[in-house]
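What follows is the content of upload12.cif, which has mmCIF, C-alpha atoms and all ligand atoms:
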```cif
data_input
#
loop_
_atom_site.label_atom_id
_atom_site.label_comp_id
_atom_site.auth_asym_id
_atom_site.auth_seq_id
_atom_site.Cartn_x
_atom_site.Cartn_y
_atom_site.Cartn_z
CA MET A 28 -26.58 -1.11 131.11
CA ILE A 29 -28.12 -0.61 127.67
CA GLN A 30 -29.05 2.92 126.59
CA ILE A 31 -31.63 3.62 123.90
CA ALA A 32 -32.51 7.14 122.73
CA VAL A 33 -35.76 7.97 120.97
CA VAL A 34 -35.27 11.07 118.80
CA SER A 35 -36.85 12.96 115.92
CA GLY A 36 -35.67 15.51 113.41
CA LYS A 37 -38.31 18.01 114.52
CA GLY A 38 -40.97 18.48 117.18
CA GLY A 39 -44.49 17.13 116.76
CA THR A 40 -43.67 13.70 115.35
CA GLY A 41 -45.11 11.87 118.36
CA LYS A 42 -41.68 10.97 119.74
CA THR A 43 -42.72 11.25 123.40
CA VAL A 44 -45.93 9.29 122.83
CA VAL A 45 -43.88 6.54 121.18
CA THR A 46 -41.33 6.60 124.03
CA GLY A 47 -44.13 6.25 126.58
CA ALA A 48 -45.67 3.38 124.64
CA ILE A 49 -42.34 1.52 124.59
CA ALA A 50 -41.71 2.20 128.29
CA ALA A 51 -45.11 0.86 129.31
CA LEU A 52 -44.35 -2.48 127.65
CA LEU A 53 -41.15 -2.98 129.64
CA PRO A 54 -42.23 -2.43 133.26
CA GLY A 55 -39.48 -3.03 135.78
CA LYS A 56 -36.86 -3.31 133.06
CA ILE A 57 -36.28 0.35 132.31
CA VAL A 58 -35.21 3.66 133.76
CA MET A 59 -36.85 6.51 131.85
CA ALA A 60 -34.84 9.66 131.18
CA ASP A 61 -36.71 12.61 129.71
CA CYS A 62 -33.91 14.53 128.01
CA ASP A 63 -36.19 16.84 126.04
CA VAL A 64 -35.21 19.49 128.58
CA ASP A 65 -36.73 22.46 126.77
CA ALA A 66 -40.16 20.79 126.65
CA ALA A 67 -40.10 17.85 129.06
CA ASN A 68 -43.50 16.14 128.93
CA LEU A 69 -42.90 12.39 129.21
CA GLY A 70 -43.97 12.81 132.84
CA LEU A 71 -47.50 13.61 131.66
CA LEU A 72 -47.80 10.01 130.45
CA MET A 73 -45.69 8.31 133.10
CA ARG A 74 -47.26 10.15 136.07
CA PRO A 75 -44.20 10.20 138.34
CA GLU A 76 -44.74 10.09 142.10
CA THR A 77 -42.56 10.86 145.11
CA ILE A 78 -40.57 13.41 143.18
CA VAL A 79 -37.16 14.38 144.58
CA SER A 80 -35.75 17.57 143.11
CA GLU A 81 -32.14 18.74 143.19
CA PRO A 82 -30.63 21.92 141.80
CA PHE A 83 -28.93 21.83 138.43
CA THR A 84 -25.79 23.93 138.36
CA GLY A 85 -24.81 24.89 134.86
CA MET A 86 -21.79 26.97 133.98
CA ASP A 87 -20.72 29.62 136.50
CA ARG A 88 -21.73 33.22 135.82
CA ALA A 89 -19.58 36.34 136.18
CA PHE A 90 -20.36 38.78 138.96
CA ILE A 91 -18.73 42.23 139.15
CA ASP A 92 -18.01 43.73 142.56
CA PRO A 93 -18.94 47.42 142.19
CA ASP A 94 -16.66 48.39 145.10
CA ARG A 95 -13.61 47.06 143.29
CA CYS A 96 -14.55 47.88 139.69
CA THR A 97 -12.76 50.94 138.24
CA ARG A 98 -15.00 50.92 135.13
CA CYS A 99 -11.99 50.61 132.86
CA GLY A 100 -14.08 48.70 130.28
CA CYS A 101 -11.46 46.02 129.65
CA CYS A 102 -13.88 43.18 130.42
CA VAL A 103 -16.49 44.71 128.09
CA THR A 104 -14.20 44.65 125.07
CA ASN A 105 -12.95 41.15 125.82
CA CYS A 106 -16.33 39.48 126.36
CA ARG A 107 -17.07 37.87 123.01
CA PHE A 108 -20.64 37.15 124.10
CA HIS A 109 -21.40 40.87 124.63
CA ALA A 110 -22.67 40.04 128.10
CA ILE A 111 -21.17 43.06 129.90
CA SER A 112 -22.35 46.63 129.62
CA VAL A 113 -21.19 49.88 131.17
CA LEU A 114 -24.03 51.73 132.83
CA LYS A 115 -23.96 55.24 134.26
CA ASP A 116 -22.91 54.14 137.72
CA ARG A 117 -21.66 50.57 137.32
CA VAL A 118 -20.59 47.76 135.05
CA GLN A 119 -23.10 44.96 134.77
CA VAL A 120 -23.19 41.36 133.55
CA ASP A 121 -26.29 40.06 131.77
CA PRO A 122 -26.65 36.55 133.30
CA VAL A 123 -28.64 35.32 130.31
CA LYS A 124 -25.88 36.23 127.85
CA CYS A 125 -22.97 35.19 130.08
CA GLU A 126 -21.53 31.83 129.00
CA GLY A 127 -19.27 31.50 132.03
CA CYS A 128 -16.03 31.47 130.01
CA GLY A 129 -14.14 33.40 132.71
CA VAL A 130 -12.31 35.76 130.32
CA CYS A 131 -13.53 38.84 132.20
CA GLU A 132 -12.13 37.48 135.45
CA TYR A 133 -8.82 36.83 133.70
CA VAL A 134 -8.45 40.30 132.19
CA CYS A 135 -9.68 42.35 135.15
CA LEU A 136 -6.65 43.95 136.80
CA ALA A 137 -8.79 45.25 139.69
CA ASP A 138 -9.76 41.74 140.73
CA ALA A 139 -13.39 42.86 140.59
CA VAL A 140 -14.84 39.82 138.80
CA LYS A 141 -15.83 36.65 140.57
CA MET A 142 -17.29 33.56 138.94
CA VAL A 143 -20.27 32.41 140.98
CA THR A 144 -22.30 29.22 140.93
CA HIS A 145 -25.45 29.57 138.86
CA ILE A 146 -28.53 27.48 139.54
CA GLY A 147 -29.88 26.86 136.05
CA GLY A 148 -32.83 24.62 136.87
CA ALA A 149 -33.66 21.37 138.61
CA ILE A 150 -33.20 17.66 137.98
CA ARG A 151 -36.00 15.51 139.33
CA SER A 152 -36.08 11.81 140.08
CA ALA A 153 -39.23 9.88 140.82
CA GLN A 154 -40.95 6.52 140.72
CA THR A 155 -43.60 5.49 138.21
CA ARG A 156 -45.64 2.31 137.79
CA PHE A 157 -43.20 1.32 135.01
CA GLY A 158 -39.90 2.13 136.72
CA PRO A 159 -37.69 5.00 137.88
CA PHE A 160 -38.05 8.28 136.05
CA ILE A 161 -35.67 11.25 135.69
CA ASP A 162 -36.32 14.56 134.03
CA GLY A 163 -35.11 18.13 134.20
CA ALA A 164 -36.47 21.64 133.95
CA LEU A 165 -34.26 24.52 132.88
CA ASN A 166 -34.96 27.97 134.24
CA PRO A 167 -35.97 30.37 131.44
CA GLY A 168 -32.91 31.74 129.67
CA SER A 169 -30.53 29.39 131.44
CA GLY A 170 -29.04 27.64 128.43
CA ASN A 171 -26.74 24.69 129.16
CA SER A 172 -29.36 22.26 127.89
CA GLY A 173 -26.66 19.90 126.58
CA LEU A 174 -25.05 19.82 130.02
CA MET A 175 -28.41 19.13 131.64
CA VAL A 176 -29.03 16.22 129.25
CA HIS A 177 -25.64 14.83 130.20
CA GLN A 178 -26.49 15.07 133.91
CA ILE A 179 -29.94 13.48 133.47
CA ARG A 180 -28.35 10.54 131.66
CA LYS A 181 -25.73 10.18 134.38
CA LYS A 182 -28.40 10.20 137.08
CA ALA A 183 -30.46 7.63 135.15
CA ARG A 184 -27.51 5.25 135.03
CA GLU A 185 -26.81 5.67 138.73
CA ILE A 186 -30.32 5.53 140.20
CA ALA A 187 -31.02 1.84 139.59
CA PRO A 188 -27.90 0.03 138.41
CA ASP A 189 -29.68 -3.35 138.46
CA ILE A 190 -32.19 -2.27 135.81
CA PRO A 191 -30.85 -3.26 132.39
CA LEU A 192 -32.14 -0.43 130.17
CA VAL A 193 -32.17 3.36 130.15
CA LEU A 194 -34.79 4.67 127.74
CA ILE A 195 -34.12 8.27 126.74
CA ASP A 196 -36.77 10.60 125.37
CA GLY A 197 -34.42 12.79 123.37
CA PRO A 198 -34.81 16.38 122.23
CA PRO A 199 -35.96 17.16 118.68
CA GLY A 200 -33.57 18.64 116.13
CA ILE A 201 -29.84 18.22 115.71
CA GLY A 202 -28.40 20.69 118.23
CA CYS A 203 -26.22 20.29 121.29
CA PRO A 204 -28.94 18.59 123.43
CA LEU A 205 -29.50 15.97 120.71
CA ILE A 206 -25.80 15.25 120.48
CA SER A 207 -25.64 14.96 124.26
CA ALA A 208 -28.66 12.61 124.25
CA VAL A 209 -27.45 10.12 121.63
CA THR A 210 -23.69 10.04 122.16
CA GLY A 211 -22.66 6.66 123.51
CA CYS A 212 -26.13 5.10 123.16
CA ASP A 213 -26.39 1.47 122.11
CA LEU A 214 -29.32 2.21 119.83
CA VAL A 215 -31.07 5.30 118.49
CA ILE A 216 -34.72 5.06 117.45
CA LEU A 217 -35.57 7.69 114.84
CA VAL A 218 -39.25 8.63 114.97
CA ALA A 219 -40.24 10.03 111.60
CA GLU A 220 -43.53 11.24 110.27
CA PRO A 221 -44.41 11.50 106.58
CA GLY A 222 -44.84 15.12 105.59
CA SER A 223 -43.47 17.95 103.53
CA SER A 224 -40.46 18.66 105.75
CA GLY A 225 -40.00 15.02 106.74
CA ARG A 226 -37.24 14.28 104.28
CA HIS A 227 -35.00 17.20 105.18
CA ASP A 228 -35.41 16.69 108.94
CA ILE A 229 -34.76 12.97 108.94
CA GLU A 230 -31.79 13.20 106.58
CA ARG A 231 -30.09 15.82 108.78
CA LEU A 232 -30.75 13.67 111.84
CA ILE A 233 -29.34 10.55 110.19
CA THR A 234 -26.21 12.47 109.16
CA VAL A 235 -25.61 13.68 112.72
CA CYS A 236 -26.29 10.29 114.33
CA ARG A 237 -24.08 8.58 111.78
CA SER A 238 -21.23 10.99 112.48
CA LEU A 239 -21.56 9.96 116.15
CA ARG A 240 -21.41 6.29 115.11
CA CYS A 241 -24.90 5.52 116.43
CA ARG A 242 -26.69 2.34 115.45
CA MET A 243 -30.12 3.42 114.20
CA VAL A 244 -33.58 1.97 113.60
CA MET A 245 -36.64 3.90 112.43
CA ILE A 246 -40.28 4.06 113.49
CA ILE A 247 -42.65 5.74 111.04
CA ASN A 248 -45.44 7.35 113.02
CA ARG A 249 -48.87 8.17 111.53
CA ALA A 250 -47.68 6.20 108.52
CA ASP A 251 -50.94 6.43 106.56
CA LEU A 252 -51.17 10.21 106.96
CA VAL A 253 -49.29 10.92 103.72
CA PRO A 254 -48.75 7.65 101.80
CA ASP A 255 -46.19 9.16 99.39
CA GLY A 256 -44.27 10.53 102.35
CA THR A 257 -44.14 7.10 103.93
CA VAL A 258 -42.82 5.60 100.69
CA LEU A 259 -40.12 8.28 100.73
CA LEU A 260 -39.19 7.52 104.34
CA ARG A 261 -38.93 3.82 103.47
CA THR A 262 -36.59 4.71 100.62
CA ILE A 263 -34.43 6.92 102.85
CA ALA A 264 -34.25 4.15 105.46
CA LYS A 265 -33.28 1.58 102.83
CA GLU A 266 -30.64 3.81 101.25
CA SER A 267 -29.25 4.58 104.69
CA ASP A 268 -29.29 0.92 105.69
CA ILE A 269 -31.57 1.66 108.65
CA PRO A 270 -34.13 -1.06 109.55
CA ILE A 271 -37.73 0.07 110.00
CA LEU A 272 -38.93 -1.23 113.34
CA CYS A 273 -42.61 -0.57 112.71
CA GLU A 274 -45.08 1.71 110.96
CA ILE A 275 -47.70 3.05 113.35
CA PRO A 276 -50.97 3.83 111.60
CA LEU A 277 -53.33 6.67 112.46
CA ASP A 278 -55.38 5.24 115.29
CA PRO A 279 -57.94 7.21 117.33
CA LEU A 280 -56.97 5.17 120.38
CA VAL A 281 -53.57 6.88 120.42
CA MET A 282 -55.19 10.29 120.79
CA LYS A 283 -57.71 9.01 123.32
CA ALA A 284 -55.10 7.29 125.49
CA THR A 285 -52.77 10.30 125.35
CA ARG A 286 -55.59 12.63 126.38
CA ASN A 287 -56.15 10.35 129.38
CA ARG A 288 -52.43 10.46 130.17
CA GLU A 289 -52.00 6.75 129.35
CA PRO A 290 -49.41 5.14 127.06
CA PHE A 291 -51.41 3.92 124.07
CA SER A 292 -49.66 0.54 124.11
CA LEU A 293 -51.72 -0.40 127.18
CA HIS A 294 -54.84 -0.42 125.01
CA GLU A 295 -55.96 -2.60 122.12
CA GLY A 296 -55.74 -1.16 118.62
CA PRO A 297 -53.76 -1.23 115.37
CA ALA A 298 -51.14 1.20 116.72
CA SER A 299 -50.59 -0.98 119.79
CA ILE A 300 -50.05 -4.08 117.68
CA GLU A 301 -47.29 -2.30 115.77
CA ILE A 302 -45.48 -0.96 118.82
CA ARG A 303 -45.76 -4.31 120.64
CA ASN A 304 -44.14 -6.10 117.71
CA ALA A 305 -41.38 -3.49 117.73
CA VAL A 306 -40.76 -3.87 121.46
CA ASP A 307 -40.76 -7.69 121.19
CA TYR A 308 -38.09 -7.38 118.51
CA LEU A 309 -36.05 -4.94 120.62
CA ALA A 310 -36.37 -7.02 123.75
CA HIS A 311 -35.07 -10.12 121.96
CA GLU A 312 -32.32 -8.19 120.15
CA LEU A 313 -31.13 -6.62 123.38
CA GLN A 314 -31.75 -9.76 125.43
CA LEU A 315 -34.12 -8.03 127.84
CA ILE A 316 -36.42 -11.06 128.06
S1 LIG A 401 -12.17 44.89 133.82
FE1 LIG A 401 -12.62 44.89 136.00
S2 LIG A 401 -12.35 47.00 136.61
FE2 LIG A 401 -12.50 47.01 134.40
S3 LIG A 401 -14.67 47.40 134.01
FE3 LIG A 401 -14.38 45.16 134.04
S4 LIG A 401 -14.81 44.58 136.15
FE4 LIG A 401 -14.51 46.77 136.16
S1 LIG A 402 -17.64 34.93 131.91
FE1 LIG A 402 -17.24 35.17 129.71
S2 LIG A 402 -19.27 35.38 128.85
FE2 LIG A 402 -19.51 35.78 131.01
S3 LIG A 402 -19.34 37.96 131.18
FE3 LIG A 402 -17.28 37.13 131.52
S4 LIG A 402 -16.31 37.17 129.50
FE4 LIG A 402 -18.50 37.46 129.19
#
```
Please re-express this file's structure in structure tokens.
Ligand code: SF4
Ligand code: SF4
Amino acid sequence: MIQIAVVSGKGGTGKTVVTGAIAALLPGKIVMADCDVDAANLGLLMRPETIVSEPFTGMDRAFIDPDRCTRCGCCVTNCRFHAISVLKDRVQVDPVKCEGCGVCEYVCLADAVKMVTHIGGAIRSAQTRFGPFIDGALNPGSGNSGLMVHQIRKKAREIAPDIPLVLIDGPPGIGCPLISAVTGCDLVILVAEPGSSGRHDIERLITVCRSLRCRMVMIINRADLVPDGTVLLRTIAKESDIPILCEIPLDPLVMKATRNREPFSLHEGPASIEIRNAVDYLAHELQLI
């Protein structure tokens, strides 16, 4: 099974719109995995149906039994995440700060700490007109987004083993969720947009993906927005030996289709021509057709 991640150095580059446009051109050949778990919105374009939801269990959380606790304070001083506080009448764990390391359980001589399963959100699987779809929603303050990305990818590989491609809508940035989204992928598509912060964002992203030994290609979105910026992105791609798959121009049809919750590649326009050429290239390269 081939895995492709679509990522960007920052939010707002049109990464999800590009992912949806690619997915719509490969119906029946892809499983879609929305791994942008802090702002999952690929579903808005893909319109999943028959959604099945299952709980996502992140790291365990500490729970202190007030009947056993002697309020010695040992766990407080040993919690490096400052998640435990001594109140007037009890010792309390802040579940948002607790990272589930288990140190408090280890140091508590009164056996007052138990590590309990924490439901950190939900992972949903569904069908769409283009193929199976998986996404996840973290509960506010839950953390563990990297772990959730890992579990979404695992589910995507398992749900339809006969389908040759998993297409991942990755998270923006270069943090733990991004690393979890691109590690082990066959190809990473960098979606870049010309702009003042474009250079810094894309260079950081390339450095991280390179350190993870990812094969990369680039799509420049809204390429005619800032012509000098696009020239710069071309230079960065060339210097980094990263092929440019296509340059998507500003096209009102993209905005119109997105507003109607449709992948823009289903409509005729200059942007569609670019993305179709890119998908044709990918499909031949990866032997999907
Ligand atoms: S180490 Fe155990 S007994 Fe001491 S304050 Fe923490 S939970 Fe209570
Ligand atoms: S499990 Fe770790 S992070 Fe959580 S309260 Fe205990 S020591 Fe702190």
Next on the checklist: Can you measure atom CA of A:Asp189 to atom CA of A:Ala60 for me? One decimal in Å is fine.
Outcome noted: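 Answer for the atom CA of A:Asp189 to atom CA of A:Ala60 separation: 15.8 Å.
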Can I get the residues of chain A within 6 Å of ligand LIG 402 (chain A), each with the closest pair of atoms and their distance in Å to one decimal, using all atoms listed in the file, sorted chain first then ascending number, as JSON lines?
```
{"residue": "A:Arg88", "atom": "CA", "partner": "A:LIG402", "partner_atom": "FE2", "distance": 5.9}
{"residue": "A:Ala89", "atom": "CA", "partner": "A:LIG402", "partner_atom": "S1", "distance": 4.9}
{"residue": "A:Cys106", "atom": "CA", "partner": "A:LIG402", "partner_atom": "S4", "distance": 3.9}
{"residue": "A:Phe108", "atom": "CA", "partner": "A:LIG402", "partner_atom": "S2", "distance": 5.3}
{"residue": "A:Ala110", "atom": "CA", "partner": "A:LIG402", "partner_atom": "S3", "distance": 5.0}
{"residue": "A:Ile111", "atom": "CA", "partner": "A:LIG402", "partner_atom": "S3", "distance": 5.6}
{"residue": "A:Val120", "atom": "CA", "partner": "A:LIG402", "partner_atom": "S3", "distance": 5.7}
{"residue": "A:Cys125", "atom": "CA", "partner": "A:LIG402", "partner_atom": "FE2", "distance": 3.6}
{"residue": "A:Glu126", "atom": "CA", "partner": "A:LIG402", "partner_atom": "S2", "distance": 4.2}
{"residue": "A:Gly127", "atom": "CA", "partner": "A:LIG402", "partner_atom": "S1", "distance": 3.8}
{"residue": "A:Cys128", "atom": "CA", "partner": "A:LIG402", "partner_atom": "FE1", "distance": 3.9}
{"residue": "A:Gly129", "atom": "CA", "partner": "A:LIG402", "partner_atom": "S1", "distance": 3.9}
{"residue": "A:Val130", "atom": "CA", "partner": "A:LIG402", "partner_atom": "S4", "distance": 4.3}
{"residue": "A:Cys131", "atom": "CA", "partner": "A:LIG402", "partner_atom": "FE3", "distance": 4.2}
```
Checklist entry - Mind listing the residues within 8 Å of ligand LIG 401 (chain A), only C-alpha atoms and all ligand atoms counted, as a list in words? => result Ile91, Asp92, Pro93, Arg95, Cys96, Thr97, Arg98, Cys99, Gly100, Cys101, Cys102, Val103, Val113, Val118, Cys131, Glu132, Val134, Cys135, Leu136, Ala137, Asp138, Ala139 and Val140 of chain A
Grab all the atoms of stretch 33-52 of chain A that the file lists, wrap them in a box along x, y and z, add 3 Å per side, and give me centre plus edge lengths in Å (one decimal) as AutoDock Vina command-line options.
```
--center_x -40.6 --center_y 8.0 --center_z 121.4 --size_x 16.7 --size_y 27.0 --size_z 21.9
```
Item to check | stretch 303-315 of chain A environment, 9 Å, all atoms listed in the file, sequence neighbours closer than 3 positions dropped, as a VMD selection string | outcome: chain A and resid 29 48 to 49 52 to 53 56 191 to 192 246 272 to 273 292 298 to 300
Checklist entry - In terms of the shortest atom-to-atom distance over all atoms listed in the file, which of A:Arg117, A:Pro75, A:Glu230, A:Val281 is closest to A:Leu293? => result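 Smallest distance to A:Leu293 is found for A:Val281.
Note that atom CA of A:Asp213 and atom CA of A:Phe160 are 19.4 Å apart.
The closest residue to A:Leu165, picked from A:Asp87, A:Asp196, A:Asp63, A:Asp268 and counting all atoms listed in the file, is A:Asp63.
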Next on the checklist: At a cut-off of 12 Å, using all atoms listed in the file, what residues contact A:Asn68? Leave out same-chain residues fewer than 3 positions from it and give the result as a count of residues only.
Outcome noted: 27
Item to check | Given only C-alpha atoms as the counted atoms, nearest of A:Pro188, A:Pro159, A:Glu295, A:Val209 to A:Val176 | outcome: A:Val209
Identify the residues within 10 Å of coordinate (-38.4, 13.3, 105.8) (same frame as the file), considering all atoms listed in the file, and give the answer as a compact mmCIF listing (two decimals) with C-alpha atoms, in the coordinates of the input.
```txt
# COMPACT_ATOMS: atom_id res chain seq x y z
CA GLY A 36 -35.67 15.51 113.41
CA LYS A 37 -38.31 18.01 114.52
CA ALA A 219 -40.24 10.03 111.60
CA GLU A 220 -43.53 11.24 110.27
CA PRO A 221 -44.41 11.50 106.58
CA GLY A 222 -44.84 15.12 105.59
CA SER A 223 -43.47 17.95 103.53
CA SER A 224 -40.46 18.66 105.75
CA GLY A 225 -40.00 15.02 106.74
CA ARG A 226 -37.24 14.28 104.28
CA HIS A 227 -35.00 17.20 105.18
CA ASP A 228 -35.41 16.69 108.94
CA ILE A 229 -34.76 12.97 108.94
CA GLU A 230 -31.79 13.20 106.58
CA ARG A 231 -30.09 15.82 108.78
CA LEU A 232 -30.75 13.67 111.84
CA GLY A 256 -44.27 10.53 102.35
CA THR A 257 -44.14 7.10 103.93
CA LEU A 259 -40.12 8.28 100.73
CA LEU A 260 -39.19 7.52 104.34
CA ARG A 261 -38.93 3.82 103.47
CA ILE A 263 -34.43 6.92 102.85
```
Checklist outcome for this item: Taken to one decimal, the atom CA of A:His294-atom CA of A:Leu280 distance is 7.6 Å
Checklist entry - Pick from A:Ile269, A:Ile146, A:Leu252, A:Ala208: nearest to A:Arg237, with only C-alpha atoms counted? => result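 Residue with the minimum atom-to-atom distance to A:Arg237: A:Ile269.
You can rank A:Leu217, A:Thr262, A:Lys124, A:Ser80 by their closest distance to A:Val244 using all atoms listed in the file, and at the top of that list sits A:Leu217.
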Next on the checklist: Set the distance at 8 Å and use only C-alpha atoms: which residues neighbour A:Pro54 once local chain neighbours fewer than 4 positions away are removed? I'd like the list as a PyMOL selection string.
Outcome noted: chain A and resi 50+156-158
Checklist entry - Skipping near chain neighbours, those fewer than 4 positions away, what residues fall within 8 Å of A:Ser169 using all atoms listed in the file, listed as a list in words? => result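 These residues fall inside the cut-off: Val123, Gly147, Gly148 and Leu165 of chain A.
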Next on the checklist: Every residue with an atom at most 8 Å from (-43.8, 10.3, 144.0) (file coordinates; only C-alpha atoms) is what I'm after, so could you write them as a ChimeraX atom specification?
Outcome noted: /A:75-79,153-155
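Between A:Ser267 and the residues A:Thr234, A:Asn248, A:Asn287, A:Asn171, the shortest atom-to-atom distance, using all atoms listed in the file, involves A:Thr234.
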Completion of stretch 74-94 of chain A up to N, CA and C atoms, as a compact mmCIF listing (two decimals), in the coordinates of the input:
```
# COMPACT_ATOMS: atom_id res chain seq x y z
N ARG A 74 -46.71 9.76 134.77
CA ARG A 74 -47.26 10.15 136.07
C ARG A 74 -46.31 9.84 137.22
N PRO A 75 -45.16 10.48 137.26
CA PRO A 75 -44.20 10.20 138.34
C PRO A 75 -44.75 10.59 139.71
N GLU A 76 -44.32 9.82 140.71
CA GLU A 76 -44.74 10.09 142.10
C GLU A 76 -43.49 10.18 142.97
N THR A 77 -43.67 10.70 144.16
CA THR A 77 -42.56 10.86 145.11
C THR A 77 -41.36 11.53 144.45
N ILE A 78 -41.61 12.71 143.95
CA ILE A 78 -40.57 13.41 143.18
C ILE A 78 -39.53 14.03 144.12
N VAL A 79 -38.27 13.74 143.84
CA VAL A 79 -37.16 14.38 144.58
C VAL A 79 -36.46 15.31 143.61
N SER A 80 -36.33 16.57 144.01
CA SER A 80 -35.75 17.57 143.11
C SER A 80 -34.41 18.04 143.65
N GLU A 81 -33.43 18.18 142.76
CA GLU A 81 -32.14 18.74 143.19
C GLU A 81 -31.70 19.81 142.21
N PRO A 82 -30.98 20.82 142.69
CA PRO A 82 -30.63 21.92 141.80
C PRO A 82 -29.66 21.48 140.71
N PHE A 83 -29.86 22.06 139.54
CA PHE A 83 -28.93 21.83 138.43
C PHE A 83 -28.02 23.05 138.33
N THR A 84 -26.74 22.82 138.49
CA THR A 84 -25.79 23.93 138.36
C THR A 84 -25.15 23.84 136.98
N GLY A 85 -25.43 24.84 136.18
CA GLY A 85 -24.81 24.89 134.86
C GLY A 85 -23.45 25.54 134.96
N MET A 86 -23.06 26.25 133.94
CA MET A 86 -21.79 26.97 133.98
C MET A 86 -21.89 28.12 134.99
N ASP A 87 -20.74 28.46 135.62
CA ASP A 87 -20.72 29.62 136.50
C ASP A 87 -21.07 30.89 135.72
N ARG A 88 -21.48 31.92 136.44
CA ARG A 88 -21.73 33.22 135.82
C ARG A 88 -20.81 34.26 136.44
N ALA A 89 -20.45 35.28 135.66
CA ALA A 89 -19.58 36.34 136.18
C ALA A 89 -20.39 37.30 137.04
N PHE A 90 -19.76 37.74 138.12
CA PHE A 90 -20.36 38.78 138.96
C PHE A 90 -19.30 39.86 139.17
N ILE A 91 -19.69 41.13 139.00
CA ILE A 91 -18.73 42.23 139.15
C ILE A 91 -18.99 42.95 140.47
N ASP A 92 -17.93 43.04 141.27
CA ASP A 92 -18.01 43.73 142.56
C ASP A 92 -17.90 45.24 142.31
N PRO A 93 -18.98 45.99 142.52
CA PRO A 93 -18.94 47.42 142.19
C PRO A 93 -17.94 48.20 143.05
N ASP A 94 -17.61 47.68 144.24
CA ASP A 94 -16.66 48.39 145.10
C ASP A 94 -15.23 48.29 144.58
```
